[in-house]
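The structure under discussion appears below in the form of structure tokens.
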Amino acid sequence: MVISAKEIMALLGVSKSSAYRIINELNESLAEKGFRTIHGKTSRKYFCEKYYLPHQEGIHNYVNLQR
């Protein structure tokens, strides 16, 4: 599944522009590896791997608690 800028903002405590910059960097990396990407969103699994966060299911629950 994918993760949005809003979720990245909540998880990392960054601004909206920083969240979109992170998404763009991750999507560029994925595109170089031959993956297709969605503008404005990125792979939740890849995001978790790159930012050393727990399993993506736990992250989704964490973000829901923050709302």
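Within each chain, counting starts at residue 1; across the structure tokens, chains are named A, B, ... in the order shown, with ligands numbered 1 upward in that order.
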Contacts of segment 37-43 of chain A within 12 Å, only C-alpha atoms, excl. fewer than 2 positions in-chain, as an NGL selection string:
:A and (1-8 or 16-17 or 19-35 or 45-50 or 56)
Expected answer as a PyMOL selection string: strand (DSSP E or B) residues in chain A
chain A and resi 2-4+41-43
